[in-house]
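Novice: Here you go, query.cif (mmCIF, C-alpha atoms and all ligand atoms):
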data_input
#
loop_
_atom_site.label_atom_id
_atom_site.label_comp_id
_atom_site.auth_asym_id
_atom_site.auth_seq_id
_atom_site.Cartn_x
_atom_site.Cartn_y
_atom_site.Cartn_z
CA MET A 1 -34.37 -66.04 5.69
CA ASP A 2 -34.27 -69.73 4.73
CA SER A 3 -35.87 -70.80 1.46
CA LEU A 4 -37.80 -74.05 1.14
CA PHE A 5 -38.39 -75.48 -2.34
CA VAL A 6 -41.35 -77.88 -2.11
CA HIS A 7 -43.24 -80.37 -4.34
CA ALA A 8 -40.37 -80.58 -6.86
CA THR A 9 -39.35 -83.47 -9.03
CA LEU A 10 -35.72 -83.67 -7.89
CA ILE A 11 -32.79 -84.61 -10.13
CA ASP A 12 -29.91 -84.40 -7.68
CA GLY A 13 -27.03 -84.72 -10.18
CA SER A 14 -25.77 -88.08 -8.87
CA GLY A 15 -27.50 -90.11 -11.58
CA ILE A 16 -30.22 -91.68 -9.39
CA ASP A 17 -33.79 -91.67 -10.68
CA PRO A 18 -35.77 -88.43 -10.28
CA VAL A 19 -37.42 -88.18 -6.84
CA PRO A 20 -41.08 -87.03 -6.87
CA ASP A 21 -42.52 -84.54 -4.36
CA ALA A 22 -39.09 -83.60 -3.04
CA TRP A 23 -38.09 -80.58 -0.97
CA VAL A 24 -34.81 -78.70 -0.54
CA ARG A 25 -34.04 -76.24 2.23
CA VAL A 26 -31.52 -73.45 1.64
CA SER A 27 -29.99 -71.36 4.39
CA GLY A 28 -27.75 -68.53 3.31
CA GLN A 29 -25.55 -69.77 0.49
CA ARG A 30 -25.93 -73.49 1.21
CA ILE A 31 -28.28 -76.45 1.06
CA THR A 32 -29.11 -77.44 4.63
CA ASP A 33 -31.64 -80.25 4.18
CA VAL A 34 -33.14 -82.41 1.42
CA GLY A 35 -36.07 -84.80 1.61
CA ALA A 36 -39.37 -85.97 0.11
CA GLY A 37 -42.99 -85.82 1.24
CA ALA A 38 -44.25 -83.56 4.01
CA THR A 39 -42.02 -81.04 5.75
CA ALA A 40 -42.53 -78.12 8.11
CA ALA A 41 -41.76 -74.73 6.57
CA GLY A 42 -41.23 -72.94 9.86
CA SER A 43 -40.18 -69.38 9.08
CA ALA A 44 -38.78 -70.25 5.64
CA ARG A 45 -39.93 -68.59 2.42
CA VAL A 46 -41.77 -71.38 0.54
CA ILE A 47 -41.24 -71.80 -3.21
CA ASP A 48 -43.81 -74.11 -4.77
CA CYS A 49 -42.20 -76.27 -7.48
CA ALA A 50 -45.22 -78.45 -8.33
CA GLY A 51 -45.03 -79.74 -11.89
CA ARG A 52 -41.42 -78.58 -12.22
CA THR A 53 -38.00 -80.19 -11.89
CA LEU A 54 -35.29 -78.93 -9.56
CA MET A 55 -31.71 -79.85 -10.43
CA PRO A 56 -28.17 -78.56 -9.84
CA GLY A 57 -27.06 -75.55 -11.89
CA LEU A 58 -25.42 -76.66 -15.12
CA ILE A 59 -21.65 -76.50 -15.51
CA ASP A 60 -19.96 -75.97 -18.88
CA ALA A 61 -16.38 -77.20 -18.57
CA HIS A 62 -15.16 -75.83 -21.91
CA THR A 63 -16.24 -72.31 -22.78
CA HIS A 64 -14.60 -69.46 -24.70
CA LEU A 65 -16.65 -66.57 -23.37
CA ALA A 66 -14.51 -63.83 -24.90
CA ALA A 67 -14.72 -65.36 -28.38
CA GLY A 68 -17.49 -63.14 -29.73
CA ASP A 69 -16.72 -64.29 -33.24
CA TYR A 70 -14.98 -67.16 -34.98
CA LEU A 71 -11.33 -67.35 -34.00
CA ASN A 72 -10.07 -66.16 -37.39
CA GLN A 73 -12.14 -62.97 -37.00
CA VAL A 74 -12.18 -61.91 -33.33
CA HIS A 75 -9.23 -59.55 -33.81
CA LEU A 76 -11.12 -57.63 -36.51
CA HIS A 77 -13.51 -56.16 -33.94
CA SER A 78 -12.93 -53.00 -31.93
CA LYS A 79 -12.08 -53.42 -28.27
CA PRO A 80 -15.40 -52.06 -26.97
CA VAL A 81 -17.25 -54.52 -29.22
CA ILE A 82 -15.13 -57.43 -27.99
CA ALA A 83 -15.87 -56.38 -24.39
CA ALA A 84 -19.60 -55.96 -25.03
CA GLN A 85 -19.84 -59.32 -26.79
CA ALA A 86 -18.03 -61.04 -23.93
CA PHE A 87 -20.11 -59.46 -21.16
CA THR A 88 -23.28 -60.34 -23.06
CA ALA A 89 -22.14 -63.95 -23.48
CA ILE A 90 -21.22 -64.14 -19.79
CA ALA A 91 -24.62 -62.84 -18.61
CA ASP A 92 -26.55 -64.99 -21.11
CA THR A 93 -24.64 -68.09 -19.98
CA LEU A 94 -25.89 -67.58 -16.43
CA ASP A 95 -29.42 -66.87 -17.69
CA ALA A 96 -29.31 -70.15 -19.65
CA GLY A 97 -28.89 -72.06 -16.39
CA PHE A 98 -25.09 -72.43 -16.30
CA THR A 99 -24.09 -71.41 -12.79
CA THR A 100 -20.41 -72.36 -13.23
CA VAL A 101 -18.10 -72.36 -16.23
CA ARG A 102 -14.53 -73.45 -16.82
CA ASP A 103 -13.14 -71.30 -19.61
CA ALA A 104 -10.70 -73.05 -21.94
CA GLY A 105 -9.00 -69.96 -23.26
CA PHE A 106 -9.09 -66.38 -24.55
CA THR A 107 -11.12 -64.81 -21.70
CA ASP A 108 -8.71 -62.58 -19.83
CA TYR A 109 -8.75 -62.31 -16.05
CA GLY A 110 -10.54 -58.95 -15.91
CA PHE A 111 -13.87 -60.45 -16.94
CA LYS A 112 -13.86 -62.65 -13.84
CA GLN A 113 -12.82 -59.65 -11.77
CA ALA A 114 -15.78 -57.67 -13.11
CA VAL A 115 -18.22 -60.48 -12.27
CA THR A 116 -16.88 -61.34 -8.82
CA SER A 117 -16.81 -57.66 -7.86
CA GLY A 118 -20.48 -57.31 -8.82
CA LEU A 119 -19.95 -54.94 -11.75
CA ALA A 120 -21.22 -57.46 -14.28
CA ARG A 121 -23.71 -60.29 -14.22
CA GLY A 122 -22.37 -63.81 -14.70
CA PRO A 123 -21.78 -67.32 -13.41
CA ARG A 124 -19.00 -68.61 -11.21
CA MET A 125 -15.99 -68.52 -13.54
CA LEU A 126 -12.72 -70.46 -13.62
CA LEU A 127 -10.47 -69.16 -16.38
CA ALA A 128 -7.48 -70.48 -18.30
CA THR A 129 -6.94 -66.95 -19.65
CA GLY A 130 -4.55 -67.43 -22.62
CA PRO A 131 -3.71 -70.95 -23.79
CA LEU A 132 -0.11 -72.08 -24.26
CA SER A 133 0.82 -73.13 -27.79
CA GLN A 134 4.02 -74.04 -29.56
CA THR A 135 5.12 -72.00 -32.55
CA GLY A 136 2.73 -72.83 -35.36
CA GLY A 137 0.45 -74.62 -32.91
CA HIS A 138 -3.29 -74.44 -32.34
CA SER A 139 -3.32 -71.07 -30.62
CA ASP A 140 -0.64 -69.47 -32.75
CA PHE A 141 -3.19 -67.56 -34.81
CA ARG A 142 -0.70 -65.68 -36.98
CA THR A 143 -1.24 -66.08 -40.67
CA ARG A 144 1.80 -67.27 -42.59
CA GLN A 145 2.80 -63.71 -43.50
CA GLU A 146 2.65 -62.39 -39.91
CA THR A 147 5.86 -62.52 -37.86
CA GLU A 148 5.06 -60.69 -34.62
CA PRO A 149 3.16 -62.63 -31.92
CA ARG A 150 -0.36 -61.54 -31.07
CA ARG A 151 -0.71 -60.49 -27.45
CA SER A 152 -3.50 -60.04 -24.94
CA ASP A 153 -5.16 -56.63 -25.01
CA GLY A 154 -6.63 -57.29 -21.55
CA LEU A 155 -9.88 -58.51 -23.11
CA TYR A 156 -9.25 -61.26 -25.63
CA HIS A 157 -6.17 -63.29 -24.70
CA PRO A 158 -4.95 -65.14 -27.81
CA GLY A 159 -2.50 -67.10 -25.69
CA LEU A 160 1.25 -67.33 -25.40
CA VAL A 161 3.49 -68.99 -27.97
CA VAL A 162 6.25 -70.85 -26.12
CA ASP A 163 8.92 -73.31 -27.24
CA GLY A 164 11.28 -75.38 -25.11
CA VAL A 165 11.09 -76.18 -21.44
CA SER A 166 12.21 -72.81 -20.11
CA GLU A 167 9.74 -70.80 -22.23
CA CYS A 168 6.99 -73.23 -21.23
CA ARG A 169 7.82 -72.63 -17.57
CA ARG A 170 7.85 -68.87 -18.04
CA GLY A 171 4.59 -68.96 -19.99
CA ALA A 172 2.82 -71.04 -17.34
CA ARG A 173 4.14 -68.83 -14.56
CA ASP A 174 3.05 -65.70 -16.38
CA LEU A 175 -0.49 -66.98 -16.94
CA LEU A 176 -0.72 -67.90 -13.26
CA ARG A 177 0.65 -64.49 -12.30
CA ARG A 178 -2.14 -62.91 -14.37
CA GLY A 179 -4.88 -64.84 -12.64
CA ALA A 180 -5.29 -68.11 -14.54
CA ASP A 181 -7.21 -70.68 -12.49
CA HIS A 182 -5.76 -73.56 -14.54
CA ILE A 183 -3.47 -73.89 -17.56
CA LYS A 184 -4.72 -74.78 -21.03
CA ILE A 185 -2.25 -76.29 -23.47
CA MET A 186 -2.62 -77.11 -27.14
CA ALA A 187 -1.22 -80.66 -27.34
CA SER A 188 -2.28 -81.31 -30.91
CA GLY A 189 -3.30 -79.41 -34.00
CA GLY A 190 -6.75 -77.86 -34.21
CA CYS A 191 -9.46 -77.21 -36.77
CA THR A 192 -9.59 -73.42 -36.49
CA SER A 193 -5.92 -72.45 -36.47
CA PRO A 194 -4.31 -71.22 -39.69
CA THR A 195 -1.02 -73.07 -40.04
CA ASP A 196 -1.28 -76.47 -38.30
CA ASP A 197 -2.79 -79.86 -39.03
CA VAL A 198 -5.32 -81.40 -36.66
CA ARG A 199 -3.54 -84.79 -36.84
CA HIS A 200 -0.16 -83.58 -35.58
CA PRO A 201 0.93 -83.73 -31.93
CA GLN A 202 2.20 -80.49 -30.36
CA PHE A 203 4.61 -79.88 -27.45
CA THR A 204 7.18 -82.49 -26.40
CA ALA A 205 6.81 -84.72 -23.34
CA GLU A 206 9.37 -82.55 -21.53
CA GLU A 207 7.47 -79.35 -22.34
CA ILE A 208 4.16 -80.80 -21.12
CA ALA A 209 5.79 -82.15 -17.94
CA ALA A 210 7.31 -78.73 -17.21
CA ILE A 211 3.95 -76.96 -17.59
CA VAL A 212 2.23 -79.57 -15.41
CA TYR A 213 4.92 -79.08 -12.76
CA GLU A 214 4.35 -75.30 -12.72
CA ALA A 215 0.57 -75.72 -12.49
CA GLN A 216 0.77 -78.29 -9.72
CA SER A 217 3.27 -76.14 -7.82
CA GLN A 218 0.48 -73.56 -7.54
CA ASP A 219 -2.17 -76.16 -6.60
CA THR A 220 -3.81 -76.26 -9.99
CA TYR A 221 -3.69 -78.42 -13.10
CA VAL A 222 -3.40 -78.60 -16.88
CA MET A 223 -6.20 -79.18 -19.39
CA ALA A 224 -5.06 -80.25 -22.86
CA HIS A 225 -6.59 -79.88 -26.29
CA ALA A 226 -5.79 -83.23 -27.98
CA TYR A 227 -7.31 -85.39 -30.71
CA THR A 228 -5.00 -88.27 -31.54
CA PRO A 229 -3.89 -91.27 -29.44
CA ARG A 230 -0.28 -90.08 -29.66
CA ALA A 231 -1.13 -86.63 -28.29
CA ILE A 232 -3.49 -88.05 -25.66
CA LEU A 233 -0.91 -90.58 -24.40
CA SER A 234 1.78 -87.91 -24.11
CA CYS A 235 -0.60 -85.82 -21.96
CA VAL A 236 -1.66 -88.74 -19.78
CA GLU A 237 1.94 -89.83 -19.20
CA ASN A 238 2.96 -86.32 -18.18
CA GLY A 239 0.28 -85.49 -15.63
CA VAL A 240 -2.45 -83.62 -17.54
CA ARG A 241 -5.82 -83.67 -15.72
CA SER A 242 -8.27 -83.50 -18.64
CA ILE A 243 -8.22 -84.26 -22.34
CA GLU A 244 -10.41 -81.86 -24.31
CA HIS A 245 -12.21 -83.16 -27.44
CA ALA A 246 -10.43 -86.59 -27.73
CA ASN A 247 -12.25 -87.27 -31.01
CA TRP A 248 -9.70 -89.79 -32.28
CA VAL A 249 -9.09 -91.60 -28.99
CA ASP A 250 -8.48 -95.36 -29.45
CA ALA A 251 -8.77 -98.30 -27.05
CA THR A 252 -5.17 -97.97 -25.85
CA SER A 253 -5.32 -94.26 -25.12
CA ALA A 254 -8.80 -94.57 -23.54
CA ALA A 255 -7.52 -97.34 -21.25
CA ALA A 256 -4.56 -95.16 -20.26
CA MET A 257 -6.92 -92.29 -19.42
CA ALA A 258 -9.14 -94.54 -17.31
CA GLU A 259 -6.18 -96.00 -15.44
CA ALA A 260 -4.65 -92.59 -14.69
CA GLY A 261 -8.02 -91.07 -13.71
CA VAL A 262 -7.76 -88.48 -16.48
CA PHE A 263 -11.07 -86.83 -17.40
CA ALA A 264 -12.39 -86.62 -20.96
CA VAL A 265 -14.19 -83.45 -21.99
CA PRO A 266 -15.91 -84.26 -25.29
CA THR A 267 -17.20 -81.10 -27.02
CA ILE A 268 -19.58 -82.11 -29.79
CA ALA A 269 -21.81 -79.03 -30.02
CA THR A 270 -19.18 -76.77 -31.52
CA TYR A 271 -18.39 -79.24 -34.32
CA GLU A 272 -22.04 -79.67 -35.24
CA LEU A 273 -22.57 -75.90 -35.26
CA LEU A 274 -19.37 -75.03 -37.14
CA ALA A 275 -20.02 -77.76 -39.72
CA ARG A 276 -23.47 -76.25 -40.28
CA ASP A 277 -22.70 -72.52 -40.10
CA GLY A 278 -18.97 -72.05 -40.57
CA ALA A 279 -19.01 -71.42 -44.31
CA GLY A 280 -21.61 -68.64 -44.04
CA GLY A 281 -19.71 -67.15 -41.10
CA GLY A 282 -16.47 -66.69 -42.98
CA MET A 283 -14.48 -69.74 -41.85
CA PRO A 284 -11.96 -70.94 -44.43
CA ALA A 285 -12.96 -74.10 -46.32
CA ASP A 286 -9.96 -76.13 -45.11
CA GLN A 287 -10.89 -75.40 -41.48
CA ILE A 288 -14.48 -76.48 -42.06
CA GLN A 289 -13.23 -79.71 -43.62
CA GLN A 290 -11.15 -80.42 -40.50
CA VAL A 291 -14.23 -79.77 -38.35
CA LYS A 292 -16.17 -82.32 -40.41
CA ASP A 293 -13.30 -84.81 -40.11
CA VAL A 294 -13.29 -84.71 -36.31
CA LEU A 295 -17.09 -84.56 -36.06
CA ALA A 296 -17.30 -87.82 -38.01
CA SER A 297 -15.77 -89.72 -35.08
CA ALA A 298 -17.11 -87.66 -32.15
CA TYR A 299 -19.96 -89.97 -31.17
CA ASP A 300 -17.90 -93.17 -31.55
CA ALA A 301 -15.20 -91.59 -29.38
CA LEU A 302 -17.74 -90.80 -26.67
CA ALA A 303 -18.97 -94.41 -26.68
CA LEU A 304 -15.40 -95.71 -26.56
CA LEU A 305 -14.53 -93.45 -23.61
CA ARG A 306 -17.67 -94.54 -21.77
CA ASP A 307 -16.96 -98.23 -22.38
CA ALA A 308 -13.36 -97.82 -21.18
CA GLY A 309 -14.58 -96.37 -17.88
CA VAL A 310 -13.14 -92.87 -18.43
CA LYS A 311 -14.70 -90.10 -16.34
CA ILE A 312 -16.74 -88.12 -18.89
CA ALA A 313 -17.15 -84.42 -18.23
CA SER A 314 -18.92 -81.98 -20.53
CA GLY A 315 -18.10 -78.81 -22.44
CA SER A 316 -19.67 -77.05 -25.39
CA ASP A 317 -16.62 -75.20 -26.83
CA VAL A 318 -19.02 -72.86 -28.65
CA LEU A 319 -17.68 -69.75 -30.36
CA GLY A 320 -19.03 -66.43 -31.58
CA PRO A 321 -22.58 -66.66 -32.88
CA HIS A 322 -23.06 -69.99 -31.09
CA GLN A 323 -22.52 -68.68 -27.55
CA GLY A 324 -26.25 -69.15 -26.84
CA HIS A 325 -26.12 -72.87 -27.67
CA LYS A 326 -24.20 -74.30 -24.72
CA ALA A 327 -27.05 -76.60 -23.65
CA LEU A 328 -27.08 -78.25 -27.09
CA GLU A 329 -24.10 -80.23 -25.83
CA LEU A 330 -26.34 -82.15 -23.41
CA GLU A 331 -28.73 -83.20 -26.16
CA LEU A 332 -25.83 -84.43 -28.30
CA LYS A 333 -24.16 -86.32 -25.43
CA ALA A 334 -27.52 -87.89 -24.57
CA ARG A 335 -27.45 -89.64 -27.97
CA VAL A 336 -24.69 -91.84 -26.52
CA LEU A 337 -24.97 -91.50 -22.72
CA GLY A 338 -28.74 -91.15 -22.40
CA PRO A 339 -30.32 -88.05 -20.83
CA MET A 340 -29.32 -88.88 -17.25
CA GLY A 341 -25.74 -89.63 -18.33
CA ALA A 342 -25.55 -86.26 -20.05
CA LEU A 343 -26.98 -84.51 -16.97
CA VAL A 344 -24.45 -86.18 -14.66
CA ALA A 345 -21.57 -85.22 -16.97
CA ALA A 346 -22.66 -81.56 -16.88
CA THR A 347 -23.17 -81.47 -13.10
CA ALA A 348 -21.48 -83.97 -10.75
CA THR A 349 -18.62 -85.05 -13.04
CA ASN A 350 -17.86 -81.50 -14.14
CA ALA A 351 -17.71 -80.45 -10.48
CA GLN A 352 -15.15 -83.22 -9.83
CA LEU A 353 -13.11 -82.10 -12.81
CA LEU A 354 -13.07 -78.53 -11.51
CA GLY A 355 -11.96 -79.70 -8.06
CA LEU A 356 -15.25 -78.42 -6.65
CA ALA A 357 -16.97 -81.73 -5.85
CA ASP A 358 -17.44 -80.66 -2.20
CA GLU A 359 -19.07 -77.37 -3.23
CA ILE A 360 -21.24 -77.84 -6.34
CA GLY A 361 -22.50 -80.42 -8.84
CA THR A 362 -25.15 -82.23 -6.79
CA ILE A 363 -28.05 -81.21 -4.58
CA SER A 364 -26.65 -82.43 -1.27
CA VAL A 365 -26.56 -81.10 2.27
CA GLY A 366 -23.64 -78.74 2.80
CA LYS A 367 -23.10 -77.78 -0.85
CA LEU A 368 -23.62 -74.34 -2.33
CA ALA A 369 -27.22 -73.78 -3.45
CA ASP A 370 -26.66 -73.60 -7.23
CA LEU A 371 -30.08 -74.69 -8.52
CA ILE A 372 -32.25 -74.46 -11.59
CA LEU A 373 -36.02 -74.99 -11.66
CA LEU A 374 -37.32 -76.29 -14.98
CA ASP A 375 -40.70 -76.32 -16.67
CA GLY A 376 -40.70 -80.04 -17.49
CA ASN A 377 -38.31 -82.89 -16.82
CA PRO A 378 -35.00 -83.00 -18.73
CA ALA A 379 -34.68 -86.74 -18.07
CA ASP A 380 -37.73 -87.10 -20.35
CA ASN A 381 -36.89 -84.27 -22.77
CA ILE A 382 -33.38 -82.92 -22.50
CA ARG A 383 -34.06 -80.27 -25.16
CA ILE A 384 -35.99 -78.14 -22.67
CA LEU A 385 -32.60 -76.99 -21.35
CA GLN A 386 -32.08 -75.14 -24.64
CA ASP A 387 -35.10 -72.91 -24.03
CA PRO A 388 -34.22 -70.31 -21.37
CA ASN A 389 -37.93 -69.51 -20.98
CA ARG A 390 -38.40 -72.99 -19.54
CA ILE A 391 -35.74 -72.32 -16.89
CA HIS A 392 -38.06 -70.68 -14.39
CA LEU A 393 -35.58 -70.02 -11.59
CA ILE A 394 -31.81 -69.82 -11.42
CA VAL A 395 -30.25 -69.84 -7.96
CA LEU A 396 -26.56 -69.04 -7.58
CA GLY A 397 -25.01 -69.57 -4.15
CA GLY A 398 -28.44 -69.24 -2.49
CA ASP A 399 -29.51 -66.09 -4.38
CA ILE A 400 -32.30 -66.14 -6.96
CA VAL A 401 -30.57 -64.45 -9.90
CA THR A 402 -33.17 -65.15 -12.61
CA ASP A 403 -36.91 -65.51 -12.04
CA ARG A 404 -39.20 -66.37 -14.97
CA ARG A 405 -42.03 -67.91 -12.93
CA ASP A 406 -44.40 -65.21 -14.14
CA GLY A 407 -43.25 -65.55 -17.74
CA PRO A 408 -40.35 -64.37 -19.85
CA SER A 409 -41.35 -60.72 -19.46
CA SER A 410 -40.11 -60.72 -15.88
CA VAL A 411 -36.57 -61.48 -16.98
CA THR A 412 -34.09 -58.67 -16.84
CA ALA A 413 -33.78 -57.66 -20.47
CA VAL A 414 -30.60 -58.96 -22.04
CA ARG A 415 -30.51 -58.36 -25.77
CA SER A 416 -28.11 -60.88 -27.16
CA PRO A 417 -26.78 -60.96 -30.69
CA PHE A 418 -26.09 -64.63 -30.12
CA ARG A 419 -29.75 -65.52 -29.94
CA SER A 420 -30.59 -64.00 -33.30
CA PRO A 421 -29.92 -65.80 -36.54
CA MET A 422 -26.32 -65.38 -37.55
CA THR A 423 -25.56 -62.38 -39.70
CA VAL A 424 -22.75 -62.59 -42.17
CA HIS A 425 -20.27 -59.75 -42.26
CA THR A 426 -17.45 -59.01 -44.57
CA PRO A 427 -14.35 -57.71 -42.76
CA GLU A 428 -15.05 -54.19 -44.09
CA ASP A 429 -18.49 -53.84 -42.56
CA ARG A 430 -17.52 -55.22 -39.19
CA PRO A 431 -17.81 -52.75 -36.33
ZN ZN B 1 -11.97 -74.99 -27.16
#
Step by step, read the file and then write its structure as structure tokens.

Specialist:
Amino acid sequence: MDSLFVHATLIDGSGIDPVPDAWVRVSGQRITDVGAGATAAGSARVIDCAGRTLMPGLIDAHTHLAAGDYLNQVHLHSKPVIAAQAFTAIADTLDAGFTTVRDAGFTDYGFKQAVTSGLARGPRMLLATGPLSQTGGHSDFRTRQETEPRRSDGLYHPGLVVDGVSECRRGARDLLRRGADHIKIMASGGCTSPTDDVRHPQFTAEEIAAIVYEAQSQDTYVMAHAYTPRAILSCVENGVRSIEHANWVDATSAAAMAEAGVFAVPTIATYELLARDGAGGGMPADQIQQVKDVLASAYDALALLRDAGVKIASGSDVLGPHQGHKALELELKARVLGPMGALVAATATNAQLLGLADEIGTISVGKLADLILLDGNPADNIRILQDPNRIHLIVLGGDIVTDRRDGPSSVTAVRSPFRSPMTVHTPEDRP
């Protein structure tokens, strides 16, 4: 049966002003008609949206769904706990209004398999699985005294450590063999890795070009973690599709991104949350200092990227106890882009980045019906997106998957550790 959403304030994801008294018709998985004012329901099931806002399902283009704890601590948990944390984060992400995610590393292919086969509840998922890192790079998580590489246990994929063009090729091919939808590389140091410096570039131009070649050979692309102009320029020159974080981008590297059509995926939420909570959660002091260093320029970088005309996508990059805070990213981006700019980044622009612009990201005829119905208007108050109880309906590919119109009690119970205040564990008392 068709569904007809009527009397909605419509935010279609394109950036145009909200449309009052709008209606959207859904037939099967797809949107078949959109308009405003009177319409004939015919045989359709009518869903009254008066006083509420209908918009495209949110997209988070930088998640780490299998990171149930901070990256220096994930490996301390038992495998069942890692699996339970990940499945909880995956289900809660959907129930927070994110109908599609692009995972930027650590979530192994089986989680997507479980969701697409109907065994577990979750959003549409595109996974990097394990990131590629050089020895001593941002996803080489060995402490200085460890010599053996950490490997995927089928749940948490710490990534592959590869050096030189031929290992980079083999690494990329192996990730693609194991179901990666895209390749994630660490092209500069990171805040949360034990033996590198956030200011240093990682991988040579030849290594990046080889990985990009392997990805493009299988009709996909490379996303790169990079902070500095030097790292960003090396990625842009060698065919990377998106620069993640980009906190220290300058005018030259921003102009190069704009000219090459490379997307920026600023991820401010994770820095704000780690700067606030990292010490109590057991992050080492030097890592927290690096987080504060990159946070200090995050908002200026976003403004610089916007002014340079770079396509700005959106990701939260949240870890562990912050998995429930993905929508905070929109509030933080709105400080620079305004609420509508933040909404477009997390819908239409993210869909373009994912190569799914014909399928999702806006409410348009022919696209998949990924919709959320909100109590209130996020263009007036973007913080409502952080309260799942104000997300009254979530529609994924035409199916209502979450219905809170009669109040929170009608939601399928999902007890999430990520929604409770963070508890501090010592390694000994961890499960
Ligand atoms: Zn990340």

Novice: Extract, using all atoms listed in the file, all DNA, RNA and protein residues at most 6 Å from region 207-216 of chain A, discarding same-chain residues fewer than 4 positions from it, and format them as a PyMOL selection string.

Specialist: chain A and resi 165+169+203+220-222+238

Novice: Which residues are near ligand ZN 1 (chain B) - at most 12 Å, using all atoms listed in the file? Format: as a ChimeraX atom specification.

Specialist: /A:60-67,70-71,102-107,128,130-131,138-139,184-186,189-193,223-227,243-246,265-271,314-320

Novice: Kindly save the residues from that selection, with C-alpha atoms included, as a JSON list (two decimals), in the coordinates of the input.

Specialist:
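What ended up in result28.json:
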[["chain", "number", "residue", "atom", "x", "y", "z"],
["A", 60, "ASP", "CA", -19.96, -75.97, -18.88],
["A", 61, "ALA", "CA", -16.38, -77.20, -18.57],
["A", 62, "HIS", "CA", -15.16, -75.83, -21.91],
["A", 63, "THR", "CA", -16.24, -72.31, -22.78],
["A", 64, "HIS", "CA", -14.60, -69.46, -24.70],
["A", 65, "LEU", "CA", -16.65, -66.57, -23.37],
["A", 66, "ALA", "CA", -14.51, -63.83, -24.90],
["A", 67, "ALA", "CA", -14.72, -65.36, -28.38],
["A", 70, "TYR", "CA", -14.98, -67.16, -34.98],
["A", 71, "LEU", "CA", -11.33, -67.35, -34.00],
["A", 102, "ARG", "CA", -14.53, -73.45, -16.82],
["A", 103, "ASP", "CA", -13.14, -71.30, -19.61],
["A", 104, "ALA", "CA", -10.70, -73.05, -21.94],
["A", 105, "GLY", "CA", -9.00, -69.96, -23.26],
["A", 106, "PHE", "CA", -9.09, -66.38, -24.55],
["A", 107, "THR", "CA", -11.12, -64.81, -21.70],
["A", 128, "ALA", "CA", -7.48, -70.48, -18.30],
["A", 130, "GLY", "CA", -4.55, -67.43, -22.62],
["A", 131, "PRO", "CA", -3.71, -70.95, -23.79],
["A", 138, "HIS", "CA", -3.29, -74.44, -32.34],
["A", 139, "SER", "CA", -3.32, -71.07, -30.62],
["A", 184, "LYS", "CA", -4.72, -74.78, -21.03],
["A", 185, "ILE", "CA", -2.25, -76.29, -23.47],
["A", 186, "MET", "CA", -2.62, -77.11, -27.14],
["A", 189, "GLY", "CA", -3.30, -79.41, -34.00],
["A", 190, "GLY", "CA", -6.75, -77.86, -34.21],
["A", 191, "CYS", "CA", -9.46, -77.21, -36.77],
["A", 192, "THR", "CA", -9.59, -73.42, -36.49],
["A", 193, "SER", "CA", -5.92, -72.45, -36.47],
["A", 223, "MET", "CA", -6.20, -79.18, -19.39],
["A", 224, "ALA", "CA", -5.06, -80.25, -22.86],
["A", 225, "HIS", "CA", -6.59, -79.88, -26.29],
["A", 226, "ALA", "CA", -5.79, -83.23, -27.98],
["A", 227, "TYR", "CA", -7.31, -85.39, -30.71],
["A", 243, "ILE", "CA", -8.22, -84.26, -22.34],
["A", 244, "GLU", "CA", -10.41, -81.86, -24.31],
["A", 245, "HIS", "CA", -12.21, -83.16, -27.44],
["A", 246, "ALA", "CA", -10.43, -86.59, -27.73],
["A", 265, "VAL", "CA", -14.19, -83.45, -21.99],
["A", 266, "PRO", "CA", -15.91, -84.26, -25.29],
["A", 267, "THR", "CA", -17.20, -81.10, -27.02],
["A", 268, "ILE", "CA", -19.58, -82.11, -29.79],
["A", 269, "ALA", "CA", -21.81, -79.03, -30.02],
["A", 270, "THR", "CA", -19.18, -76.77, -31.52],
["A", 271, "TYR", "CA", -18.39, -79.24, -34.32],
["A", 314, "SER", "CA", -18.92, -81.98, -20.53],
["A", 315, "GLY", "CA", -18.10, -78.81, -22.44],
["A", 316, "SER", "CA", -19.67, -77.05, -25.39],
["A", 317, "ASP", "CA", -16.62, -75.20, -26.83],
["A", 318, "VAL", "CA", -19.02, -72.86, -28.65],
["A", 319, "LEU", "CA", -17.68, -69.75, -30.36],
["A", 320, "GLY", "CA", -19.03, -66.43, -31.58]]

Novice: Can you work out which one of A:Gln85, A:Gln202, A:Gln352, A:Thr347 has the shortest atom-to-atom distance to Gly324 (chain A), counting all atoms listed in the file?

Specialist: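 Checking each of A:Gln85, A:Gln202, A:Gln352, A:Thr347 against Gly324 (chain A), counting all atoms listed in the file, the winner is A:Gln85.
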
Novice: Which residues, written as a ChimeraX atom specification, have at least one atom at most 12 Å from Val262 (chain A), with only C-alpha atoms counted and residues fewer than 4 positions away on the same chain left out?

Specialist: /A:221-224,232-233,235-244,246,253-258,305,308-313,349,352-353

Novice: For Gly341 (chain A), list every protein, DNA or RNA residue within 12 Å, evaluated using only C-alpha atoms, and leave out those in the same chain fewer than 3 positions away; present the list as a count of residues only.

Specialist: 31

Novice: I'd like the neighbourhood of Ala298 (chain A) as a list in words, where a residue qualifies if any of its atoms comes within 6 Å (using only C-alpha atoms), though same-chain residues fewer than 3 positions away should be ignored.

Specialist: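 Counting only the stated atoms, we get Asn247, Leu295 and Ala301 of chain A.
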
Novice: Find the residue from A:Asn381, A:Thr147, A:Ser364, A:Ser297 that sits nearest to Leu343 (chain A); use all atoms listed in the file when measuring.

Specialist: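 Residue with the minimum atom-to-atom distance to Leu343 (chain A): A:Asn381.
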